[in-house]
$ cat entry.cif   # mmCIF, C-alpha atoms
data_input
loop_
_atom_site.label_atom_id
_atom_site.label_comp_id
_atom_site.auth_asym_id
_atom_site.auth_seq_id
_atom_site.Cartn_x
_atom_site.Cartn_y
_atom_site.Cartn_z
CA MET A 12 71.67 -34.37 -18.17
CA LEU A 13 68.61 -35.23 -16.13
CA LEU A 14 67.54 -31.60 -15.91
CA LYS A 15 67.82 -31.19 -19.65
CA LYS A 16 65.67 -34.26 -20.22
CA LEU A 17 63.04 -32.99 -17.81
CA LEU A 18 62.90 -29.59 -19.44
CA ALA A 19 62.76 -31.17 -22.83
CA GLY A 20 59.85 -33.24 -21.67
CA GLY A 21 57.88 -30.06 -20.84
CA LEU A 22 58.34 -29.99 -17.08
CA SER A 23 58.65 -26.42 -15.93
CA LEU A 24 60.96 -25.09 -13.25
CA THR A 25 57.92 -23.87 -11.38
CA LEU A 26 56.55 -27.36 -11.02
CA LEU A 27 59.95 -28.71 -10.34
CA PHE A 28 60.84 -26.45 -7.48
CA GLY A 29 57.32 -25.34 -6.42
CA VAL A 30 57.96 -21.60 -6.81
CA SER A 31 58.02 -19.11 -9.64
CA ALA A 32 61.40 -17.76 -10.46
CA CYS A 33 60.08 -14.21 -10.73
CA SER A 34 57.73 -14.24 -7.76
CA SER A 35 58.57 -12.83 -4.27
CA HIS A 36 57.01 -13.44 -0.88
CA LYS A 37 54.84 -10.57 0.51
CA PRO A 38 54.39 -10.52 4.30
CA GLU A 39 50.90 -10.24 5.64
CA THR A 40 49.90 -6.76 6.88
CA THR A 41 47.46 -5.90 9.67
CA GLN A 42 45.79 -2.53 10.24
CA ASP A 43 47.25 -0.63 13.25
CA SER A 44 44.45 -0.24 15.78
CA ASP A 45 44.71 2.78 18.15
CA GLN A 46 42.61 2.00 21.19
CA ARG A 47 43.28 5.35 22.92
CA VAL A 48 40.33 7.60 23.81
CA ASP A 49 40.10 10.91 21.97
CA VAL A 50 39.75 13.82 24.41
CA SER A 51 37.73 15.75 21.84
CA GLY A 52 34.83 13.48 22.71
CA LEU A 53 35.07 14.19 26.44
CA THR A 54 33.70 17.07 28.52
CA VAL A 55 36.25 19.84 29.01
CA THR A 56 35.34 22.80 31.24
CA LEU A 57 37.14 25.86 32.64
CA GLU A 58 36.61 27.13 36.18
CA LYS A 59 36.14 30.69 34.82
CA THR A 60 35.62 32.10 31.34
CA THR A 61 36.02 35.82 32.09
CA TYR A 62 38.85 37.57 33.91
CA THR A 63 39.63 41.22 34.59
CA TYR A 64 42.94 42.45 33.23
CA ASP A 65 45.59 43.12 35.86
CA GLY A 66 48.79 42.47 33.93
CA LYS A 67 49.13 38.92 35.26
CA ALA A 68 48.75 35.64 33.36
CA LYS A 69 45.36 33.96 33.77
CA THR A 70 45.35 30.17 34.08
CA PRO A 71 41.84 28.85 34.74
CA LYS A 72 41.73 25.34 36.15
CA VAL A 73 40.73 22.73 33.59
CA THR A 74 38.45 19.77 34.30
CA VAL A 75 38.21 16.85 31.88
CA THR A 76 35.44 14.34 32.50
CA SER A 77 34.97 10.97 30.79
CA GLU A 78 31.68 9.60 29.49
CA ASP A 79 31.45 7.67 32.78
CA LYS A 80 31.60 10.98 34.68
CA GLU A 81 35.09 10.20 35.95
CA SER A 82 37.65 13.00 36.14
CA LEU A 83 40.89 12.58 34.27
CA LYS A 84 44.17 13.60 35.90
CA GLU A 85 46.20 16.50 34.53
CA GLY A 86 49.78 15.48 33.83
CA THR A 87 48.83 11.82 33.67
CA ASP A 88 45.97 11.72 31.19
CA TYR A 89 46.40 15.10 29.54
CA THR A 90 48.51 18.26 29.40
CA VAL A 91 47.36 21.89 29.47
CA THR A 92 48.92 24.88 27.74
CA TYR A 93 47.76 28.51 27.71
CA ALA A 94 48.19 31.19 25.04
CA ASN A 95 47.45 34.95 24.87
CA ASN A 96 46.45 34.81 28.54
CA VAL A 97 47.87 38.10 29.83
CA ASN A 98 46.47 41.04 27.86
CA VAL A 99 42.88 42.07 27.14
CA GLY A 100 41.29 39.86 24.50
CA THR A 101 40.53 36.19 23.86
CA ALA A 102 42.87 33.68 25.49
CA THR A 103 43.09 29.96 24.72
CA VAL A 104 43.59 26.73 26.64
CA THR A 105 44.77 23.67 24.75
CA VAL A 106 44.13 20.28 26.33
CA LYS A 107 46.17 17.46 24.76
CA GLY A 108 45.68 13.78 25.58
CA LYS A 109 48.58 11.55 26.64
CA LYS A 110 49.17 7.87 27.35
CA ASP A 111 45.69 6.29 27.13
CA TYR A 112 44.26 9.45 25.58
CA LYS A 113 44.85 11.17 22.26
CA GLY A 114 43.74 14.24 20.35
CA SER A 115 43.32 17.79 21.63
CA VAL A 116 40.68 20.35 22.55
CA VAL A 117 40.95 24.15 22.48
CA LYS A 118 38.80 26.23 24.84
CA ASN A 119 38.55 30.03 24.92
CA PHE A 120 38.21 32.51 27.78
CA ASN A 121 38.12 36.31 27.91
CA ILE A 122 40.28 38.93 29.59
CA VAL A 123 38.44 42.26 29.85
CA LYS A 124 39.40 45.80 30.80
CA ALA A 125 39.21 46.69 34.44
CA SER A 126 36.34 49.01 35.33
CA LYS A 127 37.36 52.49 36.36
CA THR A 128 37.30 53.07 40.10
CA VAL A 129 35.40 56.18 41.13
CA ASP A 130 37.36 58.79 43.05
CA ALA A 131 35.39 59.39 46.26
CA LYS A 132 36.75 62.91 46.77
CA ALA A 133 35.88 64.01 43.23
CA MET A 134 32.34 62.65 43.56
CA GLY A 135 31.94 64.28 46.95
CA ASN A 136 32.93 67.69 45.55
CA VAL A 137 30.20 67.47 42.93
CA LEU A 138 27.56 66.17 45.34
CA ASP A 139 28.32 69.06 47.69
CA GLU A 140 26.51 71.31 45.21
CA ILE A 141 23.24 69.61 46.10
CA ILE A 142 23.49 70.97 49.65
CA SER A 143 25.16 74.31 48.81
CA PHE A 144 21.87 76.25 48.98
CA GLU A 145 18.47 76.15 50.66
CA GLU A 146 15.04 76.79 49.27
CA GLY A 147 14.32 80.50 49.41
CA ASP A 148 17.95 81.58 49.01
CA SER A 149 18.70 84.31 46.48
CA GLY A 150 19.27 82.83 43.02
CA THR A 151 17.93 79.43 43.98
CA SER A 152 16.69 78.69 40.46
CA MET A 153 20.11 79.40 38.96
CA LYS A 154 21.84 77.31 41.61
CA ILE A 155 19.54 74.38 40.86
CA THR A 156 20.33 74.65 37.15
CA LYS A 157 24.08 74.82 37.76
CA SER A 158 24.02 71.91 40.19
CA ALA A 159 22.04 69.80 37.70
CA ALA A 160 24.40 70.65 34.86
CA ASP A 161 27.49 69.90 36.94
CA LEU A 162 26.10 66.52 37.99
CA LEU A 163 25.41 65.61 34.37
CA VAL A 164 28.84 66.80 33.24
CA TYR A 165 30.46 64.75 36.00
CA VAL A 166 28.70 61.44 35.26
CA THR A 167 29.29 61.73 31.51
CA SER A 168 32.92 62.81 31.79
CA ILE A 169 33.85 59.60 33.59
CA GLN A 170 31.08 57.50 31.99
CA LEU A 171 29.72 56.38 35.32
CA SER A 172 27.73 53.51 33.84
CA LYS A 173 31.03 51.86 32.83
CA ALA A 174 32.74 52.40 36.17
CA ASP A 175 33.10 49.84 38.92
CA GLN A 176 29.64 49.94 40.51
CA LYS A 177 30.87 48.94 43.94
CA SER A 178 33.15 51.97 44.00
CA VAL A 179 30.23 54.18 42.89
CA LYS A 180 28.19 53.10 45.87
CA SER A 181 31.15 53.29 48.22
CA ALA A 182 32.00 56.85 47.18
CA ALA A 183 28.40 58.07 47.41
CA ASP A 184 27.87 56.34 50.76
CA ALA A 185 31.01 57.92 52.18
CA TRP A 186 29.77 61.36 51.17
CA TYR A 187 26.21 60.95 52.44
CA ASN A 188 27.15 59.30 55.72
CA ASN A 189 29.41 62.22 56.51
CA LEU A 190 26.58 64.77 56.28
CA THR A 191 25.12 66.38 59.36
CA THR A 192 21.43 66.03 60.15
CA ASP A 193 20.77 69.56 58.84
CA GLN A 194 22.66 68.85 55.61
CA LYS A 195 20.65 65.67 55.07
CA ASP A 196 17.46 67.71 55.40
CA ILE A 197 18.71 70.19 52.79
CA TYR A 198 19.65 67.27 50.57
CA LYS A 199 16.14 65.83 50.70
CA ASN A 200 14.57 69.22 50.01
CA ASN A 201 16.77 69.97 46.97
CA LEU A 202 17.20 66.57 45.37
CA ASP A 203 13.87 66.18 43.56
CA THR A 204 14.11 69.58 41.85
CA ILE A 205 17.70 68.98 40.76
CA GLU A 206 16.89 65.51 39.45
CA ASP A 207 13.88 66.84 37.53
CA THR A 208 16.16 69.42 35.91
CA VAL A 209 18.68 66.80 34.77
CA ASP A 210 15.88 64.60 33.46
CA GLY A 211 14.47 67.56 31.57
CA MET A 212 17.83 68.41 30.03
CA LEU A 213 18.16 64.85 28.75
CA SER A 214 14.64 64.65 27.33
CA SER A 215 14.14 68.20 26.03
CA PHE A 216 17.42 70.09 26.02
CA LYS A 217 16.22 73.03 23.91
CA SER A 218 13.72 74.11 26.52
CA TYR A 219 16.53 74.43 29.09
CA LYS A 220 18.98 76.38 26.97
CA ALA A 221 17.97 79.80 28.24
CA GLN A 222 18.32 78.98 31.93
CA LEU A 223 21.53 77.02 31.33
CA ASP A 224 22.94 80.04 29.53
CA GLU A 225 21.90 82.32 32.38
CA ALA A 226 23.64 80.00 34.85
CA GLY A 227 26.79 80.06 32.70
CA VAL A 228 26.83 76.32 32.04
CA LEU A 229 25.27 76.08 28.57
CA ASP A 230 28.47 75.02 26.78
CA ILE A 231 29.42 72.22 29.16
CA ALA A 232 25.82 70.99 29.37
CA THR A 233 25.58 70.91 25.58
CA GLN A 234 28.61 68.63 25.39
CA ALA A 235 27.35 66.43 28.20
CA VAL A 236 23.98 65.63 26.62
CA LYS A 237 25.80 64.58 23.41
CA VAL A 238 27.61 61.74 25.19
CA LYS A 239 26.07 58.46 23.99
CA THR A 240 25.96 56.99 27.47
CA ALA A 241 24.57 60.15 29.11
CA LYS A 242 21.21 58.66 30.13
CA LYS A 243 22.79 55.49 31.47
CA ASP A 244 25.47 57.44 33.32
CA TRP A 245 22.88 59.68 34.96
CA LYS A 246 20.63 56.74 35.83
CA VAL A 247 23.45 55.16 37.86
CA LEU A 248 23.96 58.24 40.02
CA LYS A 249 20.25 59.03 40.27
CA SER A 250 19.46 55.55 41.57
CA GLN A 251 22.16 55.89 44.18
CA LEU A 252 21.00 59.34 45.28
CA ASP A 253 17.38 58.18 45.52
CA SER A 254 18.41 55.39 47.87
CA TYR A 255 19.12 57.95 50.60
CA GLU A 256 15.64 59.46 50.64
#

$ encode --input "entry.cif" --output "structure tokens"
Amino acid sequence: MLLKKLLAGGLSLTLLFGVSACSSHKPETTQDSDQRVDVSGLTVTLEKTTYTYDGKAKTPKVTVTSEDKESLKEGTDYTVTYANNVNVGTATVTVKGKKDYKGSVVKNFNIVKASKTVDAKAMGNVLDEIISFEEGDSGTSMKITKSAADLLVYVTSIQLSKADQKSVKSAADAWYNNLTTDQKDIYKNNLDTIEDTVDGMLSSFKSYKAQLDEAGVLDIATQAVKVKTAKKDWKVLKSQLDSYE
């Protein structure tokens, strides 16, 4: 009866009980604050960025340095994963933060084709032509032309400028150091003329066609001078040969 009288008198349930019948309590919310350091803002370096292909996986060591120049610890502060790191092409390293660190960084490195190693015996056989005649021998002019053409054919056929340069020097050194004193004298006497002939073929091939044809090497010389790397290939061998004079 009392409740009816109170309601009749205009007193609402809200005032009576202090809450709204249709209201519900909403808990307070706070924004989640992630205090971890993002590795994308740190310095990430690889010990090497270029490797030569050898069929084995390449895993360059990763160094992660904080803004305070302190090195983070792999396995504790971050993890490292590699991808496409066996075959020739672009490989990737992904550094992912852990524990006190978050985010990730991707670094690239390259795997390139191995340079071709020069066969010392094959080079020696070609270089032997330089000392196969002496000035004043019968047919010296033709022998010079043939030797020059064969040298050019050789360097372009294996693209010497793209070969492993250490093996180029090693093969040439092995040949020259095995020459007798007399052979070294012949070498020095013949080299300039042979080199001038190769240089001439590369700069003005038409003017050498007749003598190349007479020496029986016109066809192979024609193909050799068409190789895009011909001048570079010849320059590699020429520089090596000049070093012995």

$ resolve_selection --input "entry.cif" --expression "the PyMOL selection byres ((chain A and resi 180-191) around 12)" --output "mmCIF file with C-alpha atoms, keeping the file's coordinate frame"
data_model
loop_
_atom_site.group_PDB
_atom_site.id
_atom_site.type_symbol
_atom_site.label_atom_id
_atom_site.label_comp_id
_atom_site.auth_asym_id
_atom_site.auth_seq_id
_atom_site.Cartn_x
_atom_site.Cartn_y
_atom_site.Cartn_z
ATOM 1 C CA THR A 128 37.300 53.070 40.100
ATOM 2 C CA VAL A 129 35.400 56.180 41.130
ATOM 3 C CA ASP A 130 37.360 58.790 43.050
ATOM 4 C CA ALA A 131 35.390 59.390 46.260
ATOM 5 C CA LYS A 132 36.750 62.910 46.770
ATOM 6 C CA ALA A 133 35.880 64.010 43.230
ATOM 7 C CA MET A 134 32.340 62.650 43.560
ATOM 8 C CA GLY A 135 31.940 64.280 46.950
ATOM 9 C CA ASN A 136 32.930 67.690 45.550
ATOM 10 C CA VAL A 137 30.200 67.470 42.930
ATOM 11 C CA LEU A 138 27.560 66.170 45.340
ATOM 12 C CA ASP A 139 28.320 69.060 47.690
ATOM 13 C CA ILE A 141 23.240 69.610 46.100
ATOM 14 C CA ILE A 142 23.490 70.970 49.650
ATOM 15 C CA LEU A 171 29.720 56.380 35.320
ATOM 16 C CA ALA A 174 32.740 52.400 36.170
ATOM 17 C CA ASP A 175 33.100 49.840 38.920
ATOM 18 C CA GLN A 176 29.640 49.940 40.510
ATOM 19 C CA LYS A 177 30.870 48.940 43.940
ATOM 20 C CA SER A 178 33.150 51.970 44.000
ATOM 21 C CA VAL A 179 30.230 54.180 42.890
ATOM 22 C CA THR A 192 21.430 66.030 60.150
ATOM 23 C CA ASP A 193 20.770 69.560 58.840
ATOM 24 C CA GLN A 194 22.660 68.850 55.610
ATOM 25 C CA LYS A 195 20.650 65.670 55.070
ATOM 26 C CA ASP A 196 17.460 67.710 55.400
ATOM 27 C CA ILE A 197 18.710 70.190 52.790
ATOM 28 C CA TYR A 198 19.650 67.270 50.570
ATOM 29 C CA LYS A 199 16.140 65.830 50.700
ATOM 30 C CA VAL A 247 23.450 55.160 37.860
ATOM 31 C CA LEU A 248 23.960 58.240 40.020
ATOM 32 C CA LYS A 249 20.250 59.030 40.270
ATOM 33 C CA SER A 250 19.460 55.550 41.570
ATOM 34 C CA GLN A 251 22.160 55.890 44.180
ATOM 35 C CA LEU A 252 21.000 59.340 45.280
ATOM 36 C CA ASP A 253 17.380 58.180 45.520
ATOM 37 C CA SER A 254 18.410 55.390 47.870
ATOM 38 C CA TYR A 255 19.120 57.950 50.600
ATOM 39 C CA GLU A 256 15.640 59.460 50.640
#

$ resolve_selection --input "entry.cif" --expression "the PyMOL selection byres ((chain A and resi 64-69) around 12)" --output "MDAnalysis selection string"
chainID A and resid 57:63 70:72 92:104 119:127

$ closest_residue --input "entry.cif" --among "A:Ile205, A:Val91, A:Leu213, A:Met153" --to "Thr240 of chain A" --atoms "all atoms listed in the file"
A:Leu213

$ closest_residue --input "entry.cif" --among "A:Val117, A:Val106, A:Val166, A:Ala160" --to "Tyr219 of chain A" --atoms "all atoms listed in the file"
A:Ala160

$ atom_distance --input "entry.cif" --atom1 "atom CA of Lys242 of chain A" --atom2 "atom CA of Gly150 of chain A"
27.5 Å

$ residues_around --input "entry.cif" --residues "Ala232 of chain A" --least-positions-apart "2" --cutoff "12 Å" --atoms "all atoms listed in the file" --output "ChimeraX atom specification"
/A:156-168,208-209,212-213,216-217,219-224,226-230,234-238,241

$ residues_near_point --input "entry.cif" --point "(37.1, 11.9, 29.6)" --cutoff "10 Å" --atoms "all atoms listed in the file" --output "VMD selection string"
chain A and resid 48 to 55 74 to 84 88 to 89 108 112

$ write_last_selection --input "entry.cif" --atoms "C-alpha atoms" --output "compact mmCIF listing (two decimals), in the coordinates of the input"
# COMPACT_ATOMS: atom_id res chain seq x y z
CA VAL A 48 40.33 7.60 23.81
CA ASP A 49 40.10 10.91 21.97
CA VAL A 50 39.75 13.82 24.41
CA SER A 51 37.73 15.75 21.84
CA GLY A 52 34.83 13.48 22.71
CA LEU A 53 35.07 14.19 26.44
CA THR A 54 33.70 17.07 28.52
CA VAL A 55 36.25 19.84 29.01
CA THR A 74 38.45 19.77 34.30
CA VAL A 75 38.21 16.85 31.88
CA THR A 76 35.44 14.34 32.50
CA SER A 77 34.97 10.97 30.79
CA GLU A 78 31.68 9.60 29.49
CA ASP A 79 31.45 7.67 32.78
CA LYS A 80 31.60 10.98 34.68
CA GLU A 81 35.09 10.20 35.95
CA SER A 82 37.65 13.00 36.14
CA LEU A 83 40.89 12.58 34.27
CA LYS A 84 44.17 13.60 35.90
CA ASP A 88 45.97 11.72 31.19
CA TYR A 89 46.40 15.10 29.54
CA GLY A 108 45.68 13.78 25.58
CA TYR A 112 44.26 9.45 25.58

$ atom_distance --input "entry.cif" --atom1 "atom CA of Thr151 of chain A" --atom2 "atom CA of Thr204 of chain A"
10.8 Å

$ atom_distance --input "entry.cif" --atom1 "atom CA of Asp203 of chain A" --atom2 "atom CA of Gly147 of chain A"
15.5 Å

$ closest_residue --input "entry.cif" --among "A:Asp244, A:Glu85, A:Asp148, A:Asp45" --to "Ile169 of chain A" --atoms "only C-alpha atoms"
A:Asp244

$ decode --input "entry.cif" --residues "segment 92-148 of chain A" --atoms "C-alpha atoms" --output "mmCIF file, in the first residue's frame"
data_model
loop_
_atom_site.group_PDB
_atom_site.id
_atom_site.type_symbol
_atom_site.label_atom_id
_atom_site.label_comp_id
_atom_site.auth_asym_id
_atom_site.auth_seq_id
_atom_site.Cartn_x
_atom_site.Cartn_y
_atom_site.Cartn_z
ATOM 1 C CA THR A 92 64.752 -16.517 -40.869
ATOM 2 C CA TYR A 93 66.150 -16.841 -44.402
ATOM 3 C CA ALA A 94 64.344 -17.366 -47.706
ATOM 4 C CA ASN A 95 65.472 -18.055 -51.301
ATOM 5 C CA ASN A 96 69.049 -18.283 -50.021
ATOM 6 C CA VAL A 97 70.418 -21.152 -52.123
ATOM 7 C CA ASN A 98 70.046 -20.401 -55.830
ATOM 8 C CA VAL A 99 71.210 -17.423 -57.895
ATOM 9 C CA GLY A 100 69.007 -14.380 -57.313
ATOM 10 C CA THR A 101 67.832 -12.158 -54.459
ATOM 11 C CA ALA A 102 67.613 -13.777 -51.036
ATOM 12 C CA THR A 103 65.894 -12.347 -47.960
ATOM 13 C CA VAL A 104 66.521 -12.201 -44.228
ATOM 14 C CA THR A 105 63.594 -11.501 -41.933
ATOM 15 C CA VAL A 106 64.368 -10.178 -38.455
ATOM 16 C CA LYS A 107 61.419 -10.423 -36.047
ATOM 17 C CA GLY A 108 61.383 -8.890 -32.572
ATOM 18 C CA LYS A 109 60.517 -10.928 -29.475
ATOM 19 C CA LYS A 110 59.936 -10.301 -25.773
ATOM 20 C CA ASP A 111 60.801 -6.609 -25.289
ATOM 21 C CA TYR A 112 60.870 -6.036 -29.045
ATOM 22 C CA LYS A 113 58.176 -6.152 -31.700
ATOM 23 C CA GLY A 114 57.773 -5.723 -35.446
ATOM 24 C CA SER A 115 59.979 -7.066 -38.222
ATOM 25 C CA VAL A 116 62.553 -6.002 -40.792
ATOM 26 C CA VAL A 117 63.355 -7.620 -44.152
ATOM 27 C CA LYS A 118 66.852 -7.260 -45.619
ATOM 28 C CA ASN A 119 68.006 -8.479 -49.045
ATOM 29 C CA PHE A 120 71.270 -9.992 -50.250
ATOM 30 C CA ASN A 121 72.398 -11.369 -53.613
ATOM 31 C CA ILE A 122 73.625 -14.755 -54.789
ATOM 32 C CA VAL A 123 75.485 -14.466 -58.102
ATOM 33 C CA LYS A 124 76.816 -16.912 -60.666
ATOM 34 C CA ALA A 125 80.292 -18.218 -60.115
ATOM 35 C CA SER A 126 82.867 -16.850 -62.548
ATOM 36 C CA LYS A 127 84.232 -19.362 -65.010
ATOM 37 C CA THR A 128 87.656 -20.695 -64.113
ATOM 38 C CA VAL A 129 90.156 -20.512 -66.958
ATOM 39 C CA ASP A 130 91.672 -23.794 -68.080
ATOM 40 C CA ALA A 131 95.439 -23.305 -67.872
ATOM 41 C CA LYS A 132 96.217 -25.961 -70.489
ATOM 42 C CA ALA A 133 93.792 -24.490 -73.030
ATOM 43 C CA MET A 134 95.219 -21.002 -72.544
ATOM 44 C CA GLY A 135 98.758 -22.319 -72.802
ATOM 45 C CA ASN A 136 98.002 -24.012 -76.138
ATOM 46 C CA VAL A 137 96.814 -20.716 -77.605
ATOM 47 C CA LEU A 138 99.688 -18.685 -76.161
ATOM 48 C CA ASP A 139 102.157 -21.156 -77.663
ATOM 49 C CA GLU A 140 101.342 -19.636 -81.052
ATOM 50 C CA ILE A 141 103.066 -16.426 -79.988
ATOM 51 C CA ILE A 142 106.389 -18.260 -79.786
ATOM 52 C CA SER A 143 105.814 -20.699 -82.686
ATOM 53 C CA PHE A 144 107.851 -18.593 -85.138
ATOM 54 C CA GLU A 145 110.715 -16.116 -85.229
ATOM 55 C CA GLU A 146 111.122 -12.917 -87.169
ATOM 56 C CA GLY A 147 112.503 -13.705 -90.595
ATOM 57 C CA ASP A 148 110.898 -17.157 -90.835
#
